[in-house]
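Engineer: Contents of start02.tsv (TSV, C-alpha atoms) are given next:
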```tsv
chain	number	residue	atom	x	y	z
A	111	MET	CA	-76.30	-34.63	20.31
A	112	PRO	CA	-73.73	-36.01	17.85
A	113	GLY	CA	-73.09	-34.33	14.52
A	114	SER	CA	-74.06	-35.80	11.19
A	115	TRP	CA	-70.51	-36.76	10.24
A	116	PRO	CA	-69.34	-40.39	10.30
A	117	GLN	CA	-67.79	-40.78	13.74
A	118	ASP	CA	-65.01	-43.04	12.42
A	119	ASN	CA	-63.71	-40.18	10.29
A	120	PHE	CA	-62.92	-38.11	13.38
A	121	PRO	CA	-61.75	-40.54	16.04
A	122	SER	CA	-60.36	-37.79	18.27
A	123	LEU	CA	-63.64	-35.93	18.59
A	124	ASN	CA	-65.62	-36.66	21.75
A	125	SER	CA	-68.41	-34.97	23.62
A	126	ASP	CA	-65.93	-33.13	25.85
A	127	ASN	CA	-63.74	-31.49	23.22
A	128	HIS	CA	-66.09	-29.93	20.70
A	129	SER	CA	-69.45	-28.26	20.24
A	130	ILE	CA	-71.61	-27.92	17.15
A	131	THR	CA	-72.05	-24.33	16.04
A	132	SER	CA	-74.20	-24.57	12.90
A	133	LYS	CA	-76.56	-26.78	11.00
A	134	ALA	CA	-75.22	-28.99	8.21
A	135	THR	CA	-75.01	-27.26	4.84
A	136	ARG	CA	-73.26	-27.57	1.49
A	137	GLN	CA	-73.32	-23.84	0.89
A	138	TYR	CA	-69.80	-23.36	2.20
A	139	ASN	CA	-66.92	-25.66	2.96
A	140	CYS	CA	-64.01	-25.74	5.36
A	141	LEU	CA	-61.77	-23.64	3.14
A	142	ALA	CA	-64.41	-20.91	2.90
A	143	TRP	CA	-65.22	-21.19	6.61
A	144	ALA	CA	-61.59	-20.62	7.56
A	145	ALA	CA	-61.74	-17.50	5.38
A	146	ARG	CA	-64.93	-16.45	7.23
A	147	GLU	CA	-67.10	-16.92	4.17
A	148	THR	CA	-70.46	-18.67	4.37
A	149	SER	CA	-72.05	-17.83	1.02
A	150	ARG	CA	-69.74	-19.68	-1.33
A	151	ARG	CA	-67.45	-22.67	-1.48
A	152	TRP	CA	-63.75	-22.34	-2.06
A	153	GLU	CA	-62.48	-25.13	-4.30
A	154	PRO	CA	-59.26	-25.36	-6.30
A	155	ASP	CA	-61.03	-27.52	-8.89
A	156	ARG	CA	-59.24	-27.67	-12.20
A	157	LEU	CA	-62.40	-27.11	-14.20
A	158	GLY	CA	-62.81	-23.68	-12.62
A	159	ILE	CA	-66.36	-24.40	-11.55
A	160	TYR	CA	-66.16	-23.06	-8.01
A	161	TYR	CA	-64.64	-19.98	-6.44
A	162	TRP	CA	-60.91	-19.87	-5.94
A	163	PRO	CA	-58.95	-16.66	-5.42
A	164	SER	CA	-57.90	-15.11	-8.68
A	165	GLY	CA	-54.32	-15.73	-9.73
A	166	VAL	CA	-53.82	-18.70	-7.40
A	167	PRO	CA	-53.10	-22.07	-9.04
A	168	ARG	CA	-56.05	-24.46	-8.97
A	169	THR	CA	-54.04	-27.34	-7.59
A	170	LEU	CA	-54.34	-29.50	-4.49
A	171	THR	CA	-51.03	-28.38	-3.07
A	172	VAL	CA	-50.02	-26.75	0.18
A	173	ASP	CA	-48.43	-23.96	-1.80
A	174	ALA	CA	-51.72	-23.17	-3.54
A	175	PHE	CA	-53.57	-23.15	-0.21
A	176	VAL	CA	-50.99	-20.85	1.36
A	177	ARG	CA	-51.25	-18.50	-1.62
A	178	ALA	CA	-55.05	-18.60	-1.50
A	179	TYR	CA	-55.13	-17.44	2.12
A	180	GLY	CA	-52.32	-15.07	1.29
A	181	THR	CA	-54.85	-13.09	-0.74
A	182	LEU	CA	-56.53	-12.35	2.61
A	183	GLY	CA	-53.32	-11.27	4.28
A	184	PHE	CA	-52.33	-14.55	5.93
A	185	ARG	CA	-48.65	-15.45	6.01
A	186	LEU	CA	-46.83	-18.57	7.16
A	187	CYS	CA	-46.02	-18.62	10.88
A	188	PHE	CA	-44.26	-21.01	13.26
A	189	ASP	CA	-47.10	-22.66	15.15
A	190	GLY	CA	-50.71	-22.60	16.28
A	191	SER	CA	-50.15	-21.11	19.70
A	192	LEU	CA	-52.53	-18.39	20.81
A	193	GLU	CA	-51.13	-14.90	20.36
A	194	PRO	CA	-52.97	-11.71	21.27
A	195	GLU	CA	-54.54	-9.92	18.31
A	196	ILE	CA	-53.30	-12.58	15.89
A	197	GLU	CA	-55.62	-14.80	13.87
A	198	LYS	CA	-54.33	-18.18	12.72
A	199	ILE	CA	-55.29	-20.83	10.22
A	200	ALA	CA	-54.06	-24.43	10.33
A	201	ILE	CA	-53.72	-26.31	7.06
A	202	PHE	CA	-54.12	-30.07	7.33
A	203	VAL	CA	-52.51	-32.57	5.01
A	204	ILE	CA	-52.74	-36.24	4.36
A	205	GLU	CA	-49.59	-37.96	3.16
A	206	ARG	CA	-49.68	-40.10	0.05
A	207	GLY	CA	-46.21	-41.41	-0.63
A	208	ASP	CA	-43.95	-38.40	-0.83
A	209	SER	CA	-46.82	-36.04	-1.49
A	210	LYS	CA	-48.63	-33.94	1.05
A	211	ILE	CA	-52.22	-33.40	-0.04
A	212	PRO	CA	-54.00	-30.49	1.68
A	213	THR	CA	-57.37	-31.61	2.99
A	214	HIS	CA	-58.71	-29.10	5.47
A	215	ALA	CA	-58.31	-25.69	7.05
A	216	ALA	CA	-59.26	-24.71	10.60
A	217	LEU	CA	-59.45	-21.20	12.03
A	218	GLN	CA	-58.30	-20.24	15.51
A	219	LEU	CA	-60.80	-18.28	17.56
A	220	ALA	CA	-59.86	-15.45	19.91
A	221	SER	CA	-60.47	-17.80	22.84
A	222	GLY	CA	-57.74	-20.13	21.61
A	223	GLU	CA	-60.25	-22.75	20.49
A	224	TRP	CA	-60.46	-23.68	16.84
A	225	THR	CA	-63.37	-23.82	14.45
A	226	SER	CA	-63.84	-26.22	11.52
A	227	LYS	CA	-66.48	-26.98	8.95
A	228	LEU	CA	-66.63	-30.74	8.57
A	229	GLY	CA	-67.23	-31.44	4.90
A	230	ASP	CA	-70.90	-30.92	4.06
A	231	CYS	CA	-71.81	-31.46	7.71
A	232	GLU	CA	-71.92	-28.99	10.58
A	233	ASP	CA	-69.23	-26.60	11.68
A	234	ILE	CA	-67.85	-27.03	15.15
A	235	SER	CA	-65.59	-25.37	17.66
A	236	HIS	CA	-62.95	-27.70	19.03
A	237	ALA	CA	-60.62	-27.36	21.99
A	238	THR	CA	-57.43	-28.30	20.20
A	239	VAL	CA	-56.47	-28.11	16.55
A	240	GLU	CA	-55.64	-31.83	16.52
A	241	ALA	CA	-59.19	-32.77	17.54
A	242	VAL	CA	-60.22	-33.09	13.86
A	243	SER	CA	-57.16	-35.08	12.86
A	244	GLY	CA	-57.82	-38.54	11.49
A	245	PRO	CA	-58.09	-40.64	8.36
A	246	ILE	CA	-59.88	-37.98	6.32
A	247	TYR	CA	-58.05	-34.79	7.21
A	248	GLY	CA	-54.70	-36.19	8.27
A	249	LYS	CA	-53.00	-33.77	10.64
A	250	PRO	CA	-52.01	-30.10	10.86
A	251	PHE	CA	-49.02	-29.40	8.66
A	252	CYS	CA	-48.51	-25.64	8.71
A	253	TYR	CA	-49.97	-22.48	10.17
A	254	LEU	CA	-50.75	-19.06	8.76
A	255	SER	CA	-51.39	-15.85	10.63
A	256	ARG	CA	-52.52	-12.27	10.19
A	257	PRO	CA	-53.55	-9.47	12.54
A	258	ARG	CA	-56.97	-10.29	13.97
A	259	LEU	CA	-59.69	-8.21	12.38
A	260	ALA	CA	-61.76	-6.01	14.66
B	283	MET	CA	-101.42	-27.36	-31.79
B	284	SER	CA	-99.65	-30.71	-31.67
B	285	GLN	CA	-100.09	-33.05	-34.55
B	286	THR	CA	-101.66	-36.40	-33.76
B	287	ILE	CA	-100.09	-39.34	-35.52
B	288	SER	CA	-100.43	-43.05	-35.29
B	289	ILE	CA	-97.71	-44.89	-33.49
B	290	THR	CA	-97.47	-47.31	-36.39
B	291	GLN	CA	-96.28	-44.45	-38.59
B	292	SER	CA	-93.38	-43.70	-36.32
B	293	PRO	CA	-89.95	-44.74	-37.60
B	294	GLU	CA	-88.97	-45.39	-34.00
B	295	PRO	CA	-89.45	-48.83	-32.47
B	296	GLU	CA	-92.71	-48.90	-30.55
B	297	VAL	CA	-91.04	-49.81	-27.28
B	298	SER	CA	-88.88	-46.69	-27.23
B	299	VAL	CA	-91.95	-44.49	-27.53
B	300	VAL	CA	-93.66	-46.28	-24.70
B	301	VAL	CA	-90.60	-46.09	-22.46
B	302	GLY	CA	-90.18	-42.37	-23.04
B	303	ALA	CA	-93.88	-41.79	-22.58
B	304	TYR	CA	-93.82	-43.69	-19.31
B	305	TYR	CA	-91.18	-41.29	-18.09
B	306	LYS	CA	-93.18	-38.32	-19.38
B	307	VAL	CA	-96.45	-39.41	-17.85
B	308	PHE	CA	-95.25	-40.49	-14.46
B	309	VAL	CA	-92.69	-37.79	-13.89
B	310	THR	CA	-95.09	-35.07	-15.01
B	311	ARG	CA	-97.99	-36.44	-13.02
B	312	SER	CA	-96.04	-36.89	-9.81
B	313	GLU	CA	-94.46	-33.44	-10.00
B	314	SER	CA	-97.69	-31.52	-10.49
B	315	ASP	CA	-100.95	-32.77	-9.05
B	316	GLU	CA	-102.93	-29.87	-10.50
B	317	ASN	CA	-102.09	-31.02	-14.02
B	318	THR	CA	-103.78	-34.35	-13.54
B	319	GLU	CA	-106.77	-33.39	-15.63
B	320	GLN	CA	-104.59	-32.04	-18.41
B	321	ASP	CA	-102.42	-35.15	-18.45
B	322	GLU	CA	-105.29	-37.58	-18.55
B	323	PRO	CA	-105.89	-37.54	-22.33
B	324	THR	CA	-102.22	-38.28	-23.01
B	325	TYR	CA	-102.25	-41.10	-20.51
B	326	HIS	CA	-105.46	-42.45	-21.96
B	327	ALA	CA	-104.27	-42.20	-25.53
B	328	LEU	CA	-100.99	-43.84	-24.77
B	329	PHE	CA	-102.18	-46.85	-22.91
B	330	THR	CA	-105.55	-47.54	-24.52
B	331	ASN	CA	-105.58	-46.27	-28.10
B	332	ARG	CA	-101.88	-46.75	-28.73
B	333	CYS	CA	-101.63	-43.45	-30.49
B	334	THR	CA	-99.84	-40.44	-29.18
B	335	PHE	CA	-99.06	-36.73	-29.47
B	336	GLN	CA	-95.93	-35.04	-30.69
B	337	SER	CA	-95.00	-34.01	-27.17
B	338	VAL	CA	-94.97	-37.61	-26.08
B	339	LEU	CA	-92.88	-38.57	-29.08
B	340	ASP	CA	-90.45	-35.80	-28.20
B	341	SER	CA	-90.16	-37.02	-24.65
B	342	ALA	CA	-89.21	-40.45	-25.95
B	343	LYS	CA	-85.72	-39.00	-26.40
B	344	GLY	CA	-85.42	-38.77	-22.61
B	345	PRO	CA	-83.94	-41.30	-20.24
B	346	SER	CA	-85.33	-44.80	-20.25
B	347	ILE	CA	-86.58	-46.52	-17.12
B	348	GLU	CA	-83.34	-48.47	-17.09
B	349	ASP	CA	-81.32	-45.25	-17.24
B	350	SER	CA	-83.36	-43.75	-14.41
B	351	LEU	CA	-82.89	-46.80	-12.20
B	352	LYS	CA	-79.20	-46.97	-12.99
B	353	PHE	CA	-78.82	-43.31	-12.11
B	354	LYS	CA	-80.64	-43.71	-8.79
B	355	ARG	CA	-78.49	-46.70	-7.92
B	356	LEU	CA	-75.28	-44.79	-8.73
B	357	VAL	CA	-76.40	-41.76	-6.70
B	358	ALA	CA	-77.01	-43.97	-3.67
B	359	GLN	CA	-73.64	-45.61	-4.20
B	360	TRP	CA	-71.94	-42.23	-4.49
B	361	HIS	CA	-73.43	-41.09	-1.20
B	362	ARG	CA	-71.99	-44.17	0.45
B	363	GLU	CA	-68.58	-43.89	-1.20
B	364	ARG	CA	-67.72	-40.31	-0.47
B	365	ASP	CA	-66.29	-39.46	2.89
B	366	GLU	CA	-66.62	-36.17	4.68
B	367	THR	CA	-64.01	-34.62	2.49
B	368	SER	CA	-64.29	-30.96	1.65
B	369	SER	CA	-62.82	-31.61	-1.76
B	370	VAL	CA	-65.23	-31.71	-4.65
B	371	THR	CA	-62.40	-33.16	-6.72
B	372	ASP	CA	-62.30	-36.19	-4.42
B	373	MET	CA	-66.09	-36.53	-4.57
B	374	ALA	CA	-66.06	-36.34	-8.35
B	375	THR	CA	-63.44	-39.03	-8.67
B	376	CYS	CA	-65.57	-41.60	-6.83
B	377	PRO	CA	-66.18	-44.55	-9.21
B	378	SER	CA	-69.95	-44.13	-8.99
B	379	TYR	CA	-69.73	-40.42	-9.90
B	380	GLN	CA	-67.49	-41.31	-12.83
B	381	LYS	CA	-70.11	-43.82	-13.98
B	382	ILE	CA	-72.79	-41.15	-13.81
B	383	MET	CA	-70.66	-38.91	-16.02
B	384	ALA	CA	-70.07	-41.82	-18.38
B	385	MET	CA	-73.83	-42.03	-18.94
B	386	GLY	CA	-73.40	-38.86	-20.98
B	387	ASP	CA	-76.30	-36.76	-22.25
B	388	VAL	CA	-78.93	-39.16	-21.01
B	389	ALA	CA	-77.92	-38.30	-17.43
B	390	ILE	CA	-78.53	-34.57	-17.88
B	391	PRO	CA	-82.33	-34.52	-17.29
B	392	LEU	CA	-81.86	-36.90	-14.37
B	393	ILE	CA	-79.20	-34.70	-12.79
B	394	LEU	CA	-81.28	-31.57	-13.34
B	395	ALA	CA	-84.30	-33.24	-11.73
B	396	GLU	CA	-82.12	-34.19	-8.77
B	397	LEU	CA	-80.78	-30.64	-8.60
B	398	ARG	CA	-84.31	-29.23	-8.65
B	399	SER	CA	-85.42	-31.50	-5.83
B	400	GLU	CA	-82.51	-30.41	-3.63
B	401	GLY	CA	-83.59	-26.76	-3.44
B	402	ASP	CA	-81.18	-24.54	-1.51
B	403	GLU	CA	-78.82	-27.41	-0.72
B	404	PRO	CA	-77.82	-28.62	-4.18
B	405	ASP	CA	-75.44	-31.53	-4.20
B	406	HIS	CA	-72.18	-31.53	-6.14
B	407	TRP	CA	-73.60	-32.01	-9.61
B	408	PHE	CA	-71.84	-29.07	-11.22
B	409	TRP	CA	-68.72	-31.03	-12.05
B	410	ALA	CA	-70.73	-33.69	-13.89
B	411	LEU	CA	-72.90	-31.13	-15.69
B	412	HIS	CA	-69.86	-29.21	-16.83
B	413	ALA	CA	-67.97	-32.34	-17.89
B	414	ILE	CA	-70.87	-33.85	-19.86
B	415	THR	CA	-72.08	-30.69	-21.58
B	416	ASP	CA	-68.74	-28.89	-21.95
B	417	THR	CA	-70.49	-25.68	-21.01
B	418	ASP	CA	-71.03	-23.63	-17.89
B	419	PRO	CA	-73.93	-21.18	-17.59
B	420	VAL	CA	-72.76	-19.89	-14.19
B	421	LYS	CA	-71.71	-16.24	-14.04
B	422	GLU	CA	-68.15	-15.63	-12.92
B	423	GLU	CA	-69.29	-13.71	-9.83
B	424	ASP	CA	-71.55	-16.58	-8.77
B	425	ARG	CA	-68.88	-19.26	-8.72
B	426	GLY	CA	-68.95	-21.11	-5.43
B	427	ASN	CA	-72.43	-19.89	-4.53
B	428	ILE	CA	-74.15	-23.23	-5.04
B	429	VAL	CA	-77.67	-21.81	-4.78
B	430	LYS	CA	-77.02	-19.43	-7.68
B	431	MET	CA	-75.06	-22.11	-9.54
B	432	GLY	CA	-77.99	-24.50	-9.23
B	433	ALA	CA	-80.43	-21.84	-10.46
B	434	ALA	CA	-78.21	-21.10	-13.46
B	435	TRP	CA	-78.09	-24.76	-14.47
B	436	LEU	CA	-81.84	-25.22	-14.04
B	437	LYS	CA	-82.43	-22.18	-16.24
B	438	TRP	CA	-80.01	-23.61	-18.78
B	439	GLY	CA	-81.93	-26.88	-18.68
B	440	GLU	CA	-85.21	-25.13	-19.44
B	441	GLY	CA	-83.68	-23.63	-22.54
B	442	ARG	CA	-82.43	-26.92	-23.98
```
With the file now loaded, output its structure as structure tokens.
Structural biologist:
Amino acid sequence: MPGSWPQDNFPSLNSDNHSITSKATRQYNCLAWAARETSRRWEPDRLGIYYWPSGVPRTLTVDAFVRAYGTLGFRLCFDGSLEPEIEKIAIFVIERGDSKIPTHAALQLASGEWTSKLGDCEDISHATVEAVSGPIYGKPFCYLSRPRLA
Amino acid sequence: MSQTISITQSPEPEVSVVVGAYYKVFVTRSESDENTEQDEPTYHALFTNRCTFQSVLDSAKGPSIEDSLKFKRLVAQWHRERDETSSVTDMATCPSYQKIMAMGDVAIPLILAELRSEGDEPDHWFWALHAITDTDPVKEEDRGNIVKMGAAWLKWGEGR
């Protein structure tokens, strides 16, 4: 059964490379999901309406995203390859002129698959990190890692 | 007890009273079937005797039918415009969302009614509420928890 997201937004997703793992909800978003939070949304909104880690600039920049996950112990790493006992996050960007606008974060599972929350729609597990690339999320730009929690 | 006055004594144009009362009567009646009996005198007085109660006059300050229809149209447009972005900032910069915010105070009861109808899955109204009212009743520890954020705004709305 297809998810509730517009199929055109995720042209690389097909029935063979992902599975739906939750119902659609607005109660958390992709940034929270990558941080393993499901009870609040992470948003770097300038008005300060939503949750964003304390002390991290509320800007739509890769640097702010890296610092936000840094509060959970994630640090920049070379790639998204599977490493034993290491947990990784991919940060996606879309390019607008010379700017790189962060759009999405996906979390690597212990199996090597990735998991993403698609906007206000469902969250999914997907075989490759690039499976959610497309016109909305752009493509993976950098990776963060930390020791996998027990 | 509310004071009964004649509509002809009101400094307000008659049409504005009727428009506000329409909103009062139909919104109230559709939201609570058990109040039908209680609402009947107001309905009767409004549309037959052309006199009204203070509560109806007060509700005349609410959104007009035109405002309500405009709001509904903009909400539908906003749902079409926004993509599956995770960014509330992007959603809030949609032209239709900007137009809702530009409606100003008159949009507040409409947004709160929408928020109430959405239950545990409130839509992204917090940006607009904050921008229009320049206030935020949400506790610091509840930021991001949209269920608690929605409850805080509904409580704020009751106290207006």
Engineer: Where does chain A meet chain B within 9 Å, residue by residue, with the nearest atom pair and distance in Å to one decimal for each, counting all atoms listed in the file, listed by chain and rising number, as a tab-separated table?
Structural biologist:
```
residue	atom	partner	partner_atom	distance
A:Trp115	CA	B:Glu366	CA	6.8
A:Pro116	CA	B:Glu366	CA	7.5
A:Asn119	CA	B:Glu366	CA	7.5
A:Thr135	CA	B:Glu403	CA	6.7
A:Arg136	CA	B:Glu403	CA	6.0
A:Gln137	CA	B:Ile428	CA	6.0
A:Tyr138	CA	B:Gly426	CA	8.0
A:Asn139	CA	B:Ser368	CA	6.1
A:Cys140	CA	B:Ser368	CA	6.4
A:Leu141	CA	B:Ser368	CA	7.9
A:Ser149	CA	B:Asn427	CA	5.9
A:Arg150	CA	B:Asn427	CA	4.2
A:Arg151	CA	B:Gly426	CA	4.5
A:Trp152	CA	B:Gly426	CA	6.3
A:Glu153	CA	B:Ser369	CA	7.0
A:Pro154	CA	B:Thr371	CA	8.4
A:Asp155	CA	B:Thr371	CA	6.2
A:Arg156	CA	B:Thr371	CA	8.4
A:Leu157	CA	B:Trp409	CA	7.7
A:Gly158	CA	B:Arg425	CA	8.5
A:Ile159	CA	B:Arg425	CA	6.4
A:Tyr160	CA	B:Gly426	CA	4.3
A:Tyr161	CA	B:Gly426	CA	4.6
A:Trp162	CA	B:Gly426	CA	8.2
A:Thr213	CA	B:Ser368	CA	7.1
A:His214	CA	B:Ser368	CA	7.0
A:Lys227	CA	B:Ser368	CA	8.6
A:Leu228	CA	B:Glu366	CA	6.7
A:Gly229	CA	B:Ser368	CA	4.4
A:Asp230	CA	B:Glu366	CA	6.8
A:Cys231	CA	B:Glu366	CA	7.6
A:Ile246	CA	B:Thr367	CA	6.6
A:Tyr247	CA	B:Thr367	CA	7.6
```
Engineer: I'd like the neighbourhood of B:Arg364 as a ChimeraX atom specification, where a residue qualifies if any of its atoms comes within 10 Å (using all atoms listed in the file), though same-chain residues fewer than 6 positions away should be ignored.
Structural biologist: /B:370,372-379
Engineer: Report, in Å with one decimal, the straight-line distance from atom CA of A:Phe175 to atom CA of B:Trp435.
Structural biologist: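 Going from atom CA of A:Phe175 over to atom CA of B:Trp435 covers 28.4 Å.
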Engineer: Please provide as a PyMOL selection string all residues within 9 Å of A:Arg177, with the sequence filter that same-chain residues fewer than 6 positions apart are discarded (counting all atoms listed in the file).
Structural biologist: chain A and resi 163+166-167+184-185
Engineer: For the point (-52.7, -19.0, 23.6) in the file's frame, write as a list of chain:residue names all residues with an atom no more than 10 Å away, counting only C-alpha atoms.
Structural biologist: A:Gly190, A:Ser191, A:Leu192, A:Glu193, A:Pro194, A:Gln218, A:Ala220, A:Ser221, A:Gly222, A:Glu223
Engineer: Any chance you could export the current selection's C-alpha atoms as an mmCIF file, keeping the file's coordinate frame?
Structural biologist:
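Result went into part-v4.cif, see below:
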```cif
data_model
loop_
_atom_site.group_PDB
_atom_site.id
_atom_site.type_symbol
_atom_site.label_atom_id
_atom_site.label_comp_id
_atom_site.auth_asym_id
_atom_site.auth_seq_id
_atom_site.Cartn_x
_atom_site.Cartn_y
_atom_site.Cartn_z
ATOM 1 C CA GLY A 190 -50.710 -22.600 16.280
ATOM 2 C CA SER A 191 -50.150 -21.110 19.700
ATOM 3 C CA LEU A 192 -52.530 -18.390 20.810
ATOM 4 C CA GLU A 193 -51.130 -14.900 20.360
ATOM 5 C CA PRO A 194 -52.970 -11.710 21.270
ATOM 6 C CA GLN A 218 -58.300 -20.240 15.510
ATOM 7 C CA ALA A 220 -59.860 -15.450 19.910
ATOM 8 C CA SER A 221 -60.470 -17.800 22.840
ATOM 9 C CA GLY A 222 -57.740 -20.130 21.610
ATOM 10 C CA GLU A 223 -60.250 -22.750 20.490
#
```
Engineer: Excluding B:Ile414 and its own-chain neighbours fewer than 2 positions away, which residues fall within 8 Å of it when counting all atoms listed in the file? Please give them as an MDAnalysis selection string.
Structural biologist: chainID B and resid 383 386:387 390 410:412 416
